[in-house]
Amino acid sequence: MAENAVMKAIRERRSIRKYEENPVPKEAIDELLSAATMSPSAMNRQPWDFIVVTDRKMIKELSDRVKKQMRLVGYAQKYAERFTGGEDLVFYSAPLLVLVTAPKDYEWAGLDCGILAQTMFLAAYSLGLGSCFIGFARMLNKDGEALEMLGVPPDREICAPLIFGYPAEKKEAPERKPKIAKRV
Ligand SMILES: Cc1cc2nc3c(=O)[nH]c(=O)nc-3n(C[C@H](O)[C@H](O)[C@H](O)COP(=O)(O)O)c2cc1C
């Protein structure tokens, strides 16, 4: 069967960890956010808000703050290179960081924001952009100063930290587990 554009995007989207220098144009950011809002959500609550960070200095500072939190909780030993060196191995020097926030203690937040992330990733792919979910960056929720700097309200938390940019690497899919589909 000929592969349609959606199937191709699902198969070929990859988590990108090397980015070109050039920024993501405003129109593309608007497209990503517009696609995001089309995501399904429990009871159509649409619990997400977006903090868009394009200032490279700010992204670097947030990366350093994630590293600091990782060191504080002892993760740095397991991922020593990632959280101790000067290189940005948190956000991979991506030119666009979107922090998706959701109400604290909302039971569907993780699922809603996870689905939203994939919607944005597929939209990004269609625009020639690479993307990656940065779970480690949820450590920013432990950093009051960072939350204040970003303007995250006290009743919300960062649920899905997402990076985007023009890819500077081409990747094959990492190994997938065989699918086990029971038919009953
Ligand atoms: C919830 C979640 C958290 C993730 N956190 C990170 C992260 O902190 N850093 C990173 O480099 N990749 C992270 N990833 C990307 C995964 O490593 C990646 O999706 C996986 O290896 C499969 O590769 P693919 O996305 O190219 O198919 C995360 C992915 C998900 C879904």
# chains A, B, ... in the order shown; residues from 1 in each chain; ligands from 1
$ residues_around --residues "Tyr106 of chain A" --least-positions-apart "4" --cutoff "10 Å" --atoms "only C-alpha atoms" --output "ChimeraX atom specification"
/A:47,102,110,156
$ residues_near_ligand --ligand "ligand 1" --cutoff "12 Å" --atoms "only C-alpha atoms and all ligand atoms" --output "PyMOL selection string"
chain A and resi 9-18+63+66-67+70+79+82-83+88-94+110-111+113-118+121-122+125+130-139+159-163+169-177
$ closest_residue --among "A:Pro40, A:Pro167, A:Pro25, A:Pro154" --to "Lys104 of chain A" --atoms "only C-alpha atoms"
A:Pro154
$ closest_residue --among "A:Gln46, A:Ser39, A:Thr54, A:Asn4" --to "Val24 of chain A" --atoms "only C-alpha atoms"
A:Thr54
$ select_by_dssp --residues "segment 20-124 of chain A" --states "helix (DSSP H, G or I)" --output "ChimeraX atom specification"
/A:26-36,42-44,56-72,75-77,80-84,109-124
$ closest_residue --among "A:Gly151, A:Gly128, A:Pro95, A:Gly144" --to "Pro23 of chain A" --atoms "only C-alpha atoms"
A:Pro95
$ residues_around --residues "Lys26 of chain A" --least-positions-apart "5" --cutoff "12 Å" --atoms "only C-alpha atoms" --output "number ranges by chain"
A: 31-33, 52-54, 95-96
$ write_last_selection --atoms "N, CA and C atoms" --output "CSV table (one decimal), in the first residue's frame"
chain,number,residue,atom,x,y,z
A,31,GLU,N,2.4,27.9,13.8
A,31,GLU,CA,1.8,26.7,13.2
A,31,GLU,C,1.9,25.5,14.2
A,32,LEU,N,3.1,25.4,14.9
A,32,LEU,CA,3.2,24.3,15.9
A,32,LEU,C,2.2,24.5,17.0
A,33,LEU,N,2.0,25.7,17.5
A,33,LEU,CA,1.1,26.0,18.6
A,33,LEU,C,-0.3,25.8,18.2
A,52,VAL,N,7.0,29.8,25.5
A,52,VAL,CA,7.8,29.7,24.4
A,52,VAL,C,9.2,30.4,24.6
A,53,VAL,N,10.2,29.7,24.6
A,53,VAL,CA,11.6,30.3,24.9
A,53,VAL,C,12.4,30.2,23.6
A,54,THR,N,12.8,31.4,23.1
A,54,THR,CA,13.7,31.4,21.9
A,54,THR,C,15.0,32.1,22.2
A,95,PRO,N,17.2,25.8,19.2
A,95,PRO,CA,16.8,27.2,19.1
A,95,PRO,C,15.4,27.5,19.7
A,96,LEU,N,14.6,26.5,19.9
A,96,LEU,CA,13.3,26.7,20.4
A,96,LEU,C,12.9,25.7,21.5
$ closest_residue --among "A:Glu20, A:Glu3, A:Glu81, A:Asp30" --to "Ala123 of chain A" --atoms "only C-alpha atoms"
A:Asp30
$ atom_distance --atom1 "atom CA of Glu21 of chain A" --atom2 "atom CA of Lys60 of chain A"
14.0 Å
$ closest_residue --among "A:Met43, A:Ile51, A:Met120, A:Val73" --to "Trp108 of chain A" --atoms "only C-alpha atoms"
A:Met43
